[in-house]
$ cat my_file.cif   # mmCIF, C-alpha atoms and all ligand atoms
data_target
loop_
_atom_site.group_PDB
_atom_site.id
_atom_site.type_symbol
_atom_site.label_atom_id
_atom_site.label_comp_id
_atom_site.auth_asym_id
_atom_site.auth_seq_id
_atom_site.Cartn_x
_atom_site.Cartn_y
_atom_site.Cartn_z
ATOM 1 C CA MET E 1 -229.138 -151.946 -59.927
ATOM 2 C CA SER E 2 -225.567 -150.645 -60.069
ATOM 3 C CA ASP E 3 -224.723 -147.817 -57.643
ATOM 4 C CA LEU E 4 -222.716 -145.690 -60.049
ATOM 5 C CA VAL E 5 -223.108 -145.809 -63.827
ATOM 6 C CA VAL E 6 -220.817 -143.756 -66.069
ATOM 7 C CA GLU E 7 -221.586 -143.912 -69.781
ATOM 8 C CA ASN E 8 -219.554 -142.620 -72.720
ATOM 9 C CA LEU E 9 -218.002 -139.800 -70.727
ATOM 10 C CA SER E 10 -215.700 -137.397 -72.601
ATOM 11 C CA LEU E 11 -214.096 -134.197 -71.342
ATOM 12 C CA SER E 12 -211.469 -131.956 -72.855
ATOM 13 C CA PHE E 13 -209.471 -128.956 -71.657
ATOM 14 C CA GLY E 14 -208.880 -126.763 -74.696
ATOM 15 C CA GLY E 15 -207.128 -129.092 -77.117
ATOM 16 C CA VAL E 16 -206.390 -131.805 -74.514
ATOM 17 C CA MET E 17 -208.840 -134.737 -74.480
ATOM 18 C CA ALA E 18 -208.549 -135.678 -70.776
ATOM 19 C CA ILE E 19 -211.064 -138.552 -71.027
ATOM 20 C CA LYS E 20 -212.556 -140.159 -74.122
ATOM 21 C CA ASP E 21 -215.716 -142.230 -74.167
ATOM 22 C CA VAL E 22 -215.215 -143.712 -70.699
ATOM 23 C CA SER E 23 -217.897 -146.138 -69.451
ATOM 24 C CA PHE E 24 -217.965 -148.192 -66.253
ATOM 25 C CA SER E 25 -220.300 -149.190 -63.457
ATOM 26 C CA VAL E 26 -219.796 -149.840 -59.774
ATOM 27 C CA GLU E 27 -221.905 -152.312 -57.811
ATOM 28 C CA PRO E 28 -223.315 -151.680 -54.306
ATOM 29 C CA GLY E 29 -220.779 -152.468 -51.571
ATOM 30 C CA GLU E 30 -217.837 -152.735 -53.948
ATOM 31 C CA ILE E 31 -214.379 -151.235 -53.518
ATOM 32 C CA TYR E 32 -213.589 -150.159 -57.080
ATOM 33 C CA ALA E 33 -210.135 -148.794 -57.920
ATOM 34 C CA ILE E 34 -209.238 -146.557 -60.851
ATOM 35 C CA ILE E 35 -205.576 -146.897 -61.776
ATOM 36 C CA GLY E 36 -203.340 -145.556 -64.519
ATOM 37 C CA PRO E 37 -200.162 -143.600 -65.157
ATOM 38 C CA ASN E 38 -199.908 -139.835 -64.490
ATOM 39 C CA GLY E 39 -202.212 -137.809 -66.718
ATOM 40 C CA ALA E 40 -204.392 -140.849 -67.549
ATOM 41 C CA GLY E 41 -207.595 -138.979 -66.632
ATOM 42 C CA LYS E 42 -208.340 -140.447 -63.191
ATOM 43 C CA SER E 43 -208.890 -137.171 -61.315
ATOM 44 C CA THR E 44 -210.867 -135.782 -64.246
ATOM 45 C CA ILE E 45 -213.363 -138.642 -63.840
ATOM 46 C CA PHE E 46 -213.650 -137.902 -60.107
ATOM 47 C CA ASN E 47 -214.131 -134.205 -60.767
ATOM 48 C CA ALA E 48 -216.828 -134.958 -63.323
ATOM 49 C CA ILE E 49 -218.662 -137.250 -60.871
ATOM 50 C CA SER E 50 -218.502 -134.639 -58.113
ATOM 51 C CA ARG E 51 -219.695 -131.985 -60.604
ATOM 52 C CA ILE E 52 -216.572 -129.850 -60.394
ATOM 53 C CA TYR E 53 -216.043 -130.328 -64.160
ATOM 54 C CA ARG E 54 -218.798 -130.450 -66.768
ATOM 55 C CA PRO E 55 -218.211 -133.233 -69.292
ATOM 56 C CA ASP E 56 -218.551 -132.539 -73.023
ATOM 57 C CA ALA E 57 -220.534 -135.731 -73.548
ATOM 58 C CA GLY E 58 -221.880 -138.755 -71.704
ATOM 59 C CA SER E 59 -223.943 -139.415 -68.590
ATOM 60 C CA ILE E 60 -223.383 -140.250 -64.925
ATOM 61 C CA SER E 61 -226.015 -141.655 -62.592
ATOM 62 C CA PHE E 62 -226.040 -142.707 -58.963
ATOM 63 C CA ARG E 63 -228.705 -145.221 -57.908
ATOM 64 C CA GLY E 64 -230.717 -144.268 -60.963
ATOM 65 C CA GLN E 65 -230.480 -140.480 -60.354
ATOM 66 C CA PRO E 66 -228.825 -138.493 -63.153
ATOM 67 C CA LEU E 67 -225.937 -136.503 -61.651
ATOM 68 C CA LEU E 68 -225.245 -134.054 -64.437
ATOM 69 C CA GLU E 69 -228.456 -132.177 -63.664
ATOM 70 C CA ARG E 70 -227.220 -131.494 -60.117
ATOM 71 C CA LYS E 71 -224.924 -128.761 -58.836
ATOM 72 C CA ALA E 72 -221.723 -129.676 -56.967
ATOM 73 C CA ASN E 73 -223.252 -128.727 -53.607
ATOM 74 C CA GLN E 74 -226.262 -131.018 -54.204
ATOM 75 C CA ILE E 75 -224.179 -134.159 -54.735
ATOM 76 C CA VAL E 76 -223.719 -134.777 -51.016
ATOM 77 C CA ASP E 77 -227.519 -134.787 -50.562
ATOM 78 C CA LEU E 78 -227.667 -137.747 -52.938
ATOM 79 C CA GLY E 79 -225.288 -139.678 -50.679
ATOM 80 C CA ILE E 80 -221.904 -139.052 -52.312
ATOM 81 C CA ALA E 81 -218.862 -137.735 -50.406
ATOM 82 C CA ARG E 82 -215.244 -137.368 -51.498
ATOM 83 C CA THR E 83 -211.702 -136.665 -50.397
ATOM 84 C CA PHE E 84 -209.100 -134.741 -52.388
ATOM 85 C CA GLN E 85 -205.589 -135.535 -53.644
ATOM 86 C CA ASN E 86 -204.359 -132.467 -51.722
ATOM 87 C CA ILE E 87 -205.928 -132.562 -48.283
ATOM 88 C CA GLU E 88 -208.547 -129.810 -47.882
ATOM 89 C CA LEU E 89 -209.339 -129.110 -44.216
ATOM 90 C CA PHE E 90 -209.757 -126.159 -41.858
ATOM 91 C CA GLU E 91 -206.140 -126.117 -40.657
ATOM 92 C CA ASN E 92 -206.644 -123.847 -37.664
ATOM 93 C CA ALA E 93 -209.657 -125.713 -36.328
ATOM 94 C CA THR E 94 -209.591 -128.864 -34.189
ATOM 95 C CA VAL E 95 -210.242 -132.345 -35.545
ATOM 96 C CA LEU E 96 -213.634 -132.353 -33.842
ATOM 97 C CA ASP E 97 -214.630 -129.007 -35.363
ATOM 98 C CA ASN E 98 -213.648 -130.241 -38.826
ATOM 99 C CA LEU E 99 -215.867 -133.270 -38.318
ATOM 100 C CA LEU E 100 -218.759 -131.086 -37.175
ATOM 101 C CA VAL E 101 -218.411 -129.188 -40.455
ATOM 102 C CA GLY E 102 -218.647 -132.563 -42.191
ATOM 103 C CA ARG E 103 -222.071 -133.007 -40.553
ATOM 104 C CA SER E 104 -223.404 -129.748 -42.018
ATOM 105 C CA SER E 105 -225.249 -131.535 -44.837
ATOM 106 C CA LYS E 106 -227.187 -133.411 -42.130
ATOM 107 C CA VAL E 107 -228.382 -130.344 -40.202
ATOM 108 C CA ARG E 108 -232.162 -130.291 -40.392
ATOM 109 C CA THR E 109 -233.214 -127.596 -37.911
ATOM 110 C CA GLY E 110 -233.664 -124.004 -39.087
ATOM 111 C CA TRP E 111 -232.174 -120.808 -37.675
ATOM 112 C CA VAL E 112 -235.264 -119.964 -35.600
ATOM 113 C CA SER E 113 -235.028 -123.177 -33.565
ATOM 114 C CA GLU E 114 -231.247 -122.791 -33.330
ATOM 115 C CA TRP E 115 -231.625 -119.256 -32.016
ATOM 116 C CA PHE E 116 -233.867 -120.483 -29.193
ATOM 117 C CA PHE E 117 -231.821 -123.706 -28.796
ATOM 118 C CA THR E 118 -234.989 -125.795 -28.698
ATOM 119 C CA ARG E 119 -235.231 -129.447 -27.573
ATOM 120 C CA ARG E 120 -235.151 -130.440 -31.215
ATOM 121 C CA VAL E 121 -231.844 -128.630 -31.727
ATOM 122 C CA ARG E 122 -230.374 -130.267 -28.611
ATOM 123 C CA ALA E 123 -231.509 -133.726 -29.771
ATOM 124 C CA GLU E 124 -230.057 -133.086 -33.207
ATOM 125 C CA GLU E 125 -226.739 -131.939 -31.754
ATOM 126 C CA HIS E 126 -226.545 -135.113 -29.623
ATOM 127 C CA ALA E 127 -227.200 -137.230 -32.706
ATOM 128 C CA HIS E 128 -224.400 -135.414 -34.608
ATOM 129 C CA ARG E 129 -221.967 -135.933 -31.727
ATOM 130 C CA ARG E 130 -222.898 -139.643 -31.471
ATOM 131 C CA LYS E 131 -222.230 -140.126 -35.184
ATOM 132 C CA ILE E 132 -218.892 -138.328 -34.908
ATOM 133 C CA GLU E 133 -217.905 -140.525 -31.930
ATOM 134 C CA GLU E 134 -218.663 -143.644 -33.994
ATOM 135 C CA ILE E 135 -216.387 -142.396 -36.778
ATOM 136 C CA LEU E 136 -213.607 -141.377 -34.361
ATOM 137 C CA ASP E 137 -213.740 -144.929 -32.938
ATOM 138 C CA LEU E 138 -213.850 -146.614 -36.333
ATOM 139 C CA LEU E 139 -210.721 -144.769 -37.521
ATOM 140 C CA ASP E 140 -208.962 -144.924 -34.136
ATOM 141 C CA MET E 141 -208.788 -141.124 -33.836
ATOM 142 C CA GLN E 142 -209.980 -140.543 -30.259
ATOM 143 C CA HIS E 143 -206.524 -139.549 -28.959
ATOM 144 C CA TYR E 144 -206.145 -136.516 -31.247
ATOM 145 C CA ARG E 145 -209.738 -135.342 -31.433
ATOM 146 C CA TYR E 146 -208.989 -131.982 -29.700
ATOM 147 C CA GLU E 147 -205.804 -131.224 -31.626
ATOM 148 C CA LYS E 148 -205.554 -128.503 -34.233
ATOM 149 C CA VAL E 149 -205.309 -129.992 -37.743
ATOM 150 C CA ALA E 150 -202.237 -127.840 -38.532
ATOM 151 C CA ASP E 151 -200.355 -129.583 -35.674
ATOM 152 C CA LEU E 152 -201.023 -133.123 -36.935
ATOM 153 C CA ALA E 153 -198.678 -135.371 -38.910
ATOM 154 C CA TYR E 154 -199.605 -135.949 -42.564
ATOM 155 C CA GLY E 155 -201.070 -139.448 -42.014
ATOM 156 C CA ALA E 156 -203.387 -138.208 -39.254
ATOM 157 C CA ARG E 157 -204.565 -135.319 -41.450
ATOM 158 C CA LYS E 158 -205.485 -137.806 -44.167
ATOM 159 C CA ASN E 159 -207.566 -139.679 -41.603
ATOM 160 C CA VAL E 160 -209.331 -136.467 -40.639
ATOM 161 C CA GLU E 161 -210.249 -135.901 -44.272
ATOM 162 C CA LEU E 162 -211.565 -139.453 -44.562
ATOM 163 C CA ALA E 163 -213.487 -139.049 -41.291
ATOM 164 C CA ARG E 164 -214.989 -135.761 -42.436
ATOM 165 C CA ALA E 165 -216.250 -137.390 -45.636
ATOM 166 C CA LEU E 166 -217.798 -140.196 -43.545
ATOM 167 C CA CYS E 167 -219.592 -137.630 -41.370
ATOM 168 C CA ALA E 168 -221.895 -136.960 -44.323
ATOM 169 C CA GLU E 169 -223.028 -140.642 -43.983
ATOM 170 C CA PRO E 170 -222.408 -141.291 -47.675
ATOM 171 C CA GLN E 171 -223.551 -144.335 -49.591
ATOM 172 C CA LEU E 172 -220.759 -143.730 -52.102
ATOM 173 C CA LEU E 173 -217.302 -142.540 -51.068
ATOM 174 C CA LEU E 174 -214.894 -141.173 -53.681
ATOM 175 C CA LEU E 175 -211.282 -141.300 -52.463
ATOM 176 C CA ASP E 176 -208.582 -139.508 -54.443
ATOM 177 C CA GLU E 177 -205.305 -141.315 -53.647
ATOM 178 C CA PRO E 178 -206.027 -142.377 -50.042
ATOM 179 C CA ALA E 179 -202.502 -143.843 -49.608
ATOM 180 C CA SER E 180 -200.445 -141.062 -51.184
ATOM 181 C CA GLY E 181 -197.827 -139.725 -48.761
ATOM 182 C CA LEU E 182 -198.470 -142.507 -46.217
ATOM 183 C CA ASN E 183 -195.710 -144.771 -44.906
ATOM 184 C CA PRO E 184 -196.155 -148.590 -45.208
ATOM 185 C CA GLU E 185 -197.567 -148.908 -41.681
ATOM 186 C CA GLU E 186 -200.088 -146.095 -42.260
ATOM 187 C CA THR E 187 -201.019 -147.647 -45.624
ATOM 188 C CA THR E 188 -201.749 -150.952 -43.853
ATOM 189 C CA ASP E 189 -203.964 -149.117 -41.342
ATOM 190 C CA MET E 190 -205.724 -147.367 -44.239
ATOM 191 C CA SER E 191 -206.419 -150.727 -45.901
ATOM 192 C CA PHE E 192 -208.084 -152.021 -42.698
ATOM 193 C CA TRP E 193 -210.149 -148.859 -42.299
ATOM 194 C CA LEU E 194 -211.346 -148.942 -45.893
ATOM 195 C CA LYS E 195 -212.379 -152.573 -45.441
ATOM 196 C CA ASP E 196 -214.269 -151.607 -42.266
ATOM 197 C CA ILE E 197 -215.974 -148.748 -44.098
ATOM 198 C CA LYS E 198 -217.132 -151.212 -46.728
ATOM 199 C CA GLU E 199 -218.058 -154.065 -44.400
ATOM 200 C CA GLU E 200 -219.337 -152.296 -41.271
ATOM 201 C CA LEU E 201 -220.885 -149.194 -42.812
ATOM 202 C CA GLY E 202 -221.885 -150.807 -46.130
ATOM 203 C CA VAL E 203 -220.442 -147.869 -48.087
ATOM 204 C CA THR E 204 -219.513 -148.306 -51.760
ATOM 205 C CA VAL E 205 -215.983 -147.011 -52.379
ATOM 206 C CA VAL E 206 -214.443 -145.744 -55.624
ATOM 207 C CA MET E 207 -210.788 -144.823 -55.262
ATOM 208 C CA VAL E 208 -208.088 -143.447 -57.496
ATOM 209 C CA GLU E 209 -204.822 -144.972 -56.324
ATOM 210 C CA HIS E 210 -201.237 -145.431 -57.503
ATOM 211 C CA ASP E 211 -200.244 -147.793 -54.679
ATOM 212 C CA MET E 212 -200.887 -151.216 -56.237
ATOM 213 C CA ASN E 213 -200.153 -152.856 -52.904
ATOM 214 C CA LEU E 214 -203.198 -151.180 -51.378
ATOM 215 C CA VAL E 215 -205.294 -151.787 -54.497
ATOM 216 C CA GLY E 216 -204.344 -155.482 -54.512
ATOM 217 C CA ARG E 217 -205.226 -155.837 -50.833
ATOM 218 C CA ILE E 218 -208.678 -154.299 -50.857
ATOM 219 C CA ALA E 219 -210.159 -153.623 -54.314
ATOM 220 C CA ASP E 220 -212.886 -155.983 -55.530
ATOM 221 C CA ARG E 221 -212.372 -154.739 -59.086
ATOM 222 C CA CYS E 222 -210.254 -152.202 -60.839
ATOM 223 C CA MET E 223 -210.271 -150.209 -64.054
ATOM 224 C CA ALA E 224 -207.039 -149.195 -65.777
ATOM 225 C CA LEU E 225 -206.925 -146.010 -67.842
ATOM 226 C CA ALA E 226 -204.281 -144.538 -70.121
ATOM 227 C CA ASN E 227 -204.500 -141.400 -72.242
ATOM 228 C CA GLY E 228 -208.086 -140.882 -71.116
ATOM 229 C CA GLN E 229 -209.312 -144.276 -72.318
ATOM 230 C CA VAL E 230 -210.260 -147.499 -70.556
ATOM 231 C CA LEU E 231 -207.683 -150.233 -71.120
ATOM 232 C CA ALA E 232 -209.059 -153.008 -68.914
ATOM 233 C CA VAL E 233 -211.620 -153.730 -66.174
ATOM 234 C CA GLY E 234 -211.654 -156.777 -63.912
ATOM 235 C CA SER E 235 -210.017 -158.322 -60.868
ATOM 236 C CA VAL E 236 -206.795 -156.597 -59.823
ATOM 237 C CA ALA E 237 -204.736 -159.622 -60.877
ATOM 238 C CA ASP E 238 -206.379 -159.771 -64.324
ATOM 239 C CA VAL E 239 -205.917 -156.044 -64.930
ATOM 240 C CA GLN E 240 -202.275 -156.131 -63.779
ATOM 241 C CA GLY E 241 -201.655 -159.053 -66.124
ATOM 242 C CA ASP E 242 -203.282 -157.348 -69.125
ATOM 243 C CA ALA E 243 -200.797 -156.743 -71.947
ATOM 244 C CA HIS E 244 -202.239 -153.276 -72.802
ATOM 245 C CA VAL E 245 -201.982 -152.197 -69.170
ATOM 246 C CA GLN E 246 -198.402 -153.383 -68.890
ATOM 247 C CA ALA E 247 -197.479 -151.554 -72.088
ATOM 248 C CA ALA E 248 -199.104 -148.326 -70.818
ATOM 249 C CA TYR E 249 -197.076 -148.436 -67.606
ATOM 250 C CA LEU E 250 -193.843 -149.372 -69.335
ATOM 251 C CA GLY E 251 -194.405 -146.934 -72.189
ATOM 252 C CA GLY E 252 -194.398 -149.562 -74.954
ATOM 253 C CA THR E 253 -197.020 -150.917 -77.358
ATOM 254 C CA VAL E 254 -198.788 -154.274 -77.533
HETATM 255 N N1 LIG M 1 -207.746 -128.120 -65.153
HETATM 256 C C1 LIG M 1 -207.072 -128.593 -66.201
HETATM 257 N N2 LIG M 1 -206.710 -127.791 -67.225
HETATM 258 C C2 LIG M 1 -206.043 -128.274 -68.299
HETATM 259 N N3 LIG M 1 -205.682 -129.557 -68.453
HETATM 260 C C3 LIG M 1 -206.013 -130.398 -67.446
HETATM 261 C C4 LIG M 1 -206.714 -129.979 -66.271
HETATM 262 N N4 LIG M 1 -206.905 -131.050 -65.456
HETATM 263 C C5 LIG M 1 -206.338 -132.090 -66.092
HETATM 264 N N5 LIG M 1 -205.804 -131.709 -67.275
HETATM 265 C C6 LIG M 1 -205.133 -132.574 -68.262
HETATM 266 O O1 LIG M 1 -206.007 -133.689 -68.480
HETATM 267 C C7 LIG M 1 -205.267 -134.896 -68.546
HETATM 268 C C8 LIG M 1 -205.764 -135.853 -67.453
HETATM 269 O O2 LIG M 1 -205.394 -135.311 -66.189
HETATM 270 P P1 LIG M 1 -205.843 -135.946 -64.802
HETATM 271 O O3 LIG M 1 -205.421 -135.004 -63.723
HETATM 272 O O4 LIG M 1 -207.254 -136.361 -64.845
HETATM 273 O O5 LIG M 1 -204.912 -137.262 -64.778
HETATM 274 P P2 LIG M 1 -204.628 -138.244 -63.557
HETATM 275 O O6 LIG M 1 -204.734 -139.616 -64.120
HETATM 276 O O7 LIG M 1 -205.488 -137.910 -62.403
HETATM 277 O O8 LIG M 1 -203.103 -137.908 -63.245
HETATM 278 P P3 LIG M 1 -202.278 -137.973 -61.845
HETATM 279 O O9 LIG M 1 -202.114 -139.417 -61.523
HETATM 280 O O10 LIG M 1 -200.987 -137.324 -62.191
HETATM 281 O O11 LIG M 1 -203.071 -137.202 -60.830
HETATM 282 C C9 LIG M 1 -203.796 -134.516 -68.407
HETATM 283 O O12 LIG M 1 -203.270 -134.376 -69.712
HETATM 284 C C10 LIG M 1 -203.854 -133.184 -67.699
HETATM 285 O O13 LIG M 1 -202.729 -132.396 -68.019
#
$ encode --input "my_file.cif" --output "structure tokens"
Amino acid sequence: MSDLVVENLSLSFGGVMAIKDVSFSVEPGEIYAIIGPNGAGKSTIFNAISRIYRPDAGSISFRGQPLLERKANQIVDLGIARTFQNIELFENATVLDNLLVGRSSKVRTGWVSEWFFTRRVRAEEHAHRRKIEEILDLLDMQHYRYEKVADLAYGARKNVELARALCAEPQLLLLDEPASGLNPEETTDMSFWLKDIKEELGVTVVMVEHDMNLVGRIADRCMALANGQVLAVGSVADVQGDAHVQAAYLGGTV
């Protein structure tokens, strides 16, 4: 069974059709990239999957569960986490505190046990800290774990956002432009981390990305959009070589 299935999705803002009849599916363990020029509809698809926008038509399911019946705050319980194009973190909190917030969907004890700080609460807190340590190691973030997010360079803040999404132990990770604003060295690090997330954690990744270097290095498949419609789906090389895709990027016609 596919992990994510999007069928005939359409969504408009007033008179603007942001996406029209978009269908695609993502297989378990895949890194799937969504590419396309500015305004193609990439973020709109992400926002529909994470239930920020309500589509006008179509369906979305994750591992057989229909998503459109869920509220945005229930999506993480299904095993889906995301990052945003503009980093959204608690700026005045430390890296570690931001990651603890990322564990909130995994908190199972109630307020009564927390009030009395029972053995169960202590065991749960240890488990959360262990998971966070694993993620800090995976993304090589140990050296700035106690720093305030506001004091970090842009690349490190992007890592914190990625780490926070991983704290929810997702099965599907939605990444909105993971390489935007990164320098070439940071982009290379990001490509290794995303491969590790796929291979070591077994997480399925769907990413919107403009950096074709990163897409070419790590994506198993990609889908190109323009004007809200799917132009091509396939290997990165096939999609880049597609005449419709080239015309969309160069502004011509086929
Ligand atoms: N909240 C909104 N209100 C009105 N129009 C919107 C809104 N969000 C997106 N749009 C419009 O929908 C279309 C698709 O936008 P979207 O942000 O999904 O494109 P994108 O491919 O993610 O672009 P970019 O690469 O620039 O982020 C554009 O015409 C955009 O102006």
$ residues_around --input "my_file.cif" --residues "Asn73 of chain E" --least-positions-apart "6" --cutoff "12 Å" --atoms "only C-alpha atoms" --output "PyMOL selection string"
chain E and resi 50-52+67+79-82+104-105
$ write_last_selection --input "my_file.cif" --atoms "C-alpha atoms" --output "PDB file, keeping the file's coordinate frame"
ATOM      1  CA  SER E  50    -218.502-134.639 -58.113  1.00  0.00           C
ATOM      2  CA  ARG E  51    -219.695-131.985 -60.604  1.00  0.00           C
ATOM      3  CA  ILE E  52    -216.572-129.850 -60.394  1.00  0.00           C
ATOM      4  CA  LEU E  67    -225.937-136.503 -61.651  1.00  0.00           C
ATOM      5  CA  GLY E  79    -225.288-139.678 -50.679  1.00  0.00           C
ATOM      6  CA  ILE E  80    -221.904-139.052 -52.312  1.00  0.00           C
ATOM      7  CA  ALA E  81    -218.862-137.735 -50.406  1.00  0.00           C
ATOM      8  CA  ARG E  82    -215.244-137.368 -51.498  1.00  0.00           C
ATOM      9  CA  SER E 104    -223.404-129.748 -42.018  1.00  0.00           C
ATOM     10  CA  SER E 105    -225.249-131.535 -44.837  1.00  0.00           C
TER      11      SER E 105
END
$ resolve_selection --input "my_file.cif" --expression "the PyMOL selection byres (((chain E and resi 103) around 9) and not hetatm)" --output "list in words"
Leu99, Leu100, Val101, Gly102, Ser104, Ser105, Lys106, Val107, His128, Lys131, Ile132, Arg164, Ala165, Leu166, Cys167, Ala168 and Glu169 of chain E
$ closest_atom_pairs --input "my_file.cif" --of "chain E" --to "ligand LIG 1 (chain M)" --cutoff "9 Å" --atoms "all atoms listed in the file" --output "Markdown table"
| residue | atom | partner | partner_atom | distance |
| --- | --- | --- | --- | --- |
| E:Leu11 | CA | M:LIG1 | O1 | 8.6 |
| E:Ser12 | CA | M:LIG1 | O1 | 7.2 |
| E:Phe13 | CA | M:LIG1 | C2 | 4.8 |
| E:Gly14 | CA | M:LIG1 | C2 | 7.2 |
| E:Gly15 | CA | M:LIG1 | N3 | 8.8 |
| E:Val16 | CA | M:LIG1 | O12 | 6.3 |
| E:Met17 | CA | M:LIG1 | O1 | 6.7 |
| E:Ala18 | CA | M:LIG1 | O1 | 4.0 |
| E:Ile19 | CA | M:LIG1 | C8 | 6.9 |
| E:Ile34 | CA | M:LIG1 | O6 | 8.9 |
| E:Ile35 | CA | M:LIG1 | O6 | 7.7 |
| E:Gly36 | CA | M:LIG1 | O6 | 6.1 |
| E:Pro37 | CA | M:LIG1 | O9 | 5.9 |
| E:Asn38 | CA | M:LIG1 | O10 | 3.6 |
| E:Gly39 | CA | M:LIG1 | O5 | 3.4 |
| E:Ala40 | CA | M:LIG1 | O6 | 3.7 |
| E:Gly41 | CA | M:LIG1 | O4 | 3.2 |
| E:Lys42 | CA | M:LIG1 | O6 | 3.8 |
| E:Ser43 | CA | M:LIG1 | O7 | 3.6 |
| E:Thr44 | CA | M:LIG1 | O4 | 3.7 |
| E:Ile45 | CA | M:LIG1 | O4 | 6.6 |
| E:Phe46 | CA | M:LIG1 | O4 | 8.1 |
| E:Asn47 | CA | M:LIG1 | O4 | 8.3 |
| E:Tyr53 | CA | M:LIG1 | N1 | 8.6 |
| E:Gln85 | CA | M:LIG1 | O11 | 7.8 |
| E:Asp176 | CA | M:LIG1 | O7 | 8.7 |
| E:Glu177 | CA | M:LIG1 | O11 | 8.6 |
| E:Val208 | CA | M:LIG1 | O7 | 7.8 |
| E:Glu209 | CA | M:LIG1 | O9 | 8.1 |
| E:His210 | CA | M:LIG1 | O9 | 7.3 |
| E:Leu225 | CA | M:LIG1 | O6 | 7.7 |
| E:Ala226 | CA | M:LIG1 | O6 | 7.8 |
| E:Asn227 | CA | M:LIG1 | C8 | 7.4 |
| E:Gly228 | CA | M:LIG1 | C8 | 6.6 |
$ write_last_selection --input "my_file.cif" --atoms "C-alpha atoms" --output "PDB file, keeping the file's coordinate frame"
ATOM      1  CA  LEU E  11    -214.096-134.197 -71.342  1.00  0.00           C
ATOM      2  CA  SER E  12    -211.469-131.956 -72.855  1.00  0.00           C
ATOM      3  CA  PHE E  13    -209.471-128.956 -71.657  1.00  0.00           C
ATOM      4  CA  GLY E  14    -208.880-126.763 -74.696  1.00  0.00           C
ATOM      5  CA  GLY E  15    -207.128-129.092 -77.117  1.00  0.00           C
ATOM      6  CA  VAL E  16    -206.390-131.805 -74.514  1.00  0.00           C
ATOM      7  CA  MET E  17    -208.840-134.737 -74.480  1.00  0.00           C
ATOM      8  CA  ALA E  18    -208.549-135.678 -70.776  1.00  0.00           C
ATOM      9  CA  ILE E  19    -211.064-138.552 -71.027  1.00  0.00           C
ATOM     10  CA  ILE E  34    -209.238-146.557 -60.851  1.00  0.00           C
ATOM     11  CA  ILE E  35    -205.576-146.897 -61.776  1.00  0.00           C
ATOM     12  CA  GLY E  36    -203.340-145.556 -64.519  1.00  0.00           C
ATOM     13  CA  PRO E  37    -200.162-143.600 -65.157  1.00  0.00           C
ATOM     14  CA  ASN E  38    -199.908-139.835 -64.490  1.00  0.00           C
ATOM     15  CA  GLY E  39    -202.212-137.809 -66.718  1.00  0.00           C
ATOM     16  CA  ALA E  40    -204.392-140.849 -67.549  1.00  0.00           C
ATOM     17  CA  GLY E  41    -207.595-138.979 -66.632  1.00  0.00           C
ATOM     18  CA  LYS E  42    -208.340-140.447 -63.191  1.00  0.00           C
ATOM     19  CA  SER E  43    -208.890-137.171 -61.315  1.00  0.00           C
ATOM     20  CA  THR E  44    -210.867-135.782 -64.246  1.00  0.00           C
ATOM     21  CA  ILE E  45    -213.363-138.642 -63.840  1.00  0.00           C
ATOM     22  CA  PHE E  46    -213.650-137.902 -60.107  1.00  0.00           C
ATOM     23  CA  ASN E  47    -214.131-134.205 -60.767  1.00  0.00           C
ATOM     24  CA  TYR E  53    -216.043-130.328 -64.160  1.00  0.00           C
ATOM     25  CA  GLN E  85    -205.589-135.535 -53.644  1.00  0.00           C
ATOM     26  CA  ASP E 176    -208.582-139.508 -54.443  1.00  0.00           C
ATOM     27  CA  GLU E 177    -205.305-141.315 -53.647  1.00  0.00           C
ATOM     28  CA  VAL E 208    -208.088-143.447 -57.496  1.00  0.00           C
ATOM     29  CA  GLU E 209    -204.822-144.972 -56.324  1.00  0.00           C
ATOM     30  CA  HIS E 210    -201.237-145.431 -57.503  1.00  0.00           C
ATOM     31  CA  LEU E 225    -206.925-146.010 -67.842  1.00  0.00           C
ATOM     32  CA  ALA E 226    -204.281-144.538 -70.121  1.00  0.00           C
ATOM     33  CA  ASN E 227    -204.500-141.400 -72.242  1.00  0.00           C
ATOM     34  CA  GLY E 228    -208.086-140.882 -71.116  1.00  0.00           C
TER      35      GLY E 228
END
$ atom_distance --input "my_file.cif" --atom1 "atom CA of Ser180 of chain E" --atom2 "atom CA of Glu200 of chain E"
24.1 Å
$ closest_residue --input "my_file.cif" --among "E:Leu214, E:Ile135, E:Leu174, E:Glu88" --to "Val149 of chain E" --atoms "only C-alpha atoms"
E:Glu88
$ atom_distance --input "my_file.cif" --atom1 "atom CA of Glu134 of chain E" --atom2 "atom CA of Asp77 of chain E"
20.8 Å
$ build_atoms --input "my_file.cif" --residues "segment 27-32 of chain E" --atoms "N, CA and C atoms" --output "PDB file, keeping the file's coordinate frame"
ATOM      1  N   GLU E  27    -220.797-151.622 -58.483  1.00  0.00           N
ATOM      2  CA  GLU E  27    -221.905-152.312 -57.811  1.00  0.00           C
ATOM      3  C   GLU E  27    -221.976-151.915 -56.335  1.00  0.00           C
ATOM      4  N   PRO E  28    -223.179-152.041 -55.720  1.00  0.00           N
ATOM      5  CA  PRO E  28    -223.315-151.680 -54.306  1.00  0.00           C
ATOM      6  C   PRO E  28    -222.339-152.480 -53.435  1.00  0.00           C
ATOM      7  N   GLY E  29    -221.665-151.795 -52.520  1.00  0.00           N
ATOM      8  CA  GLY E  29    -220.779-152.468 -51.571  1.00  0.00           C
ATOM      9  C   GLY E  29    -219.414-152.827 -52.118  1.00  0.00           C
ATOM     10  N   GLU E  30    -219.133-152.409 -53.354  1.00  0.00           N
ATOM     11  CA  GLU E  30    -217.837-152.735 -53.948  1.00  0.00           C
ATOM     12  C   GLU E  30    -216.768-151.732 -53.541  1.00  0.00           C
ATOM     13  N   ILE E  31    -215.504-152.189 -53.505  1.00  0.00           N
ATOM     14  CA  ILE E  31    -214.379-151.235 -53.518  1.00  0.00           C
ATOM     15  C   ILE E  31    -213.818-151.313 -54.932  1.00  0.00           C
ATOM     16  N   TYR E  32    -213.929-150.204 -55.655  1.00  0.00           N
ATOM     17  CA  TYR E  32    -213.589-150.159 -57.080  1.00  0.00           C
ATOM     18  C   TYR E  32    -212.430-149.190 -57.244  1.00  0.00           C
TER      19      TYR E  32
END
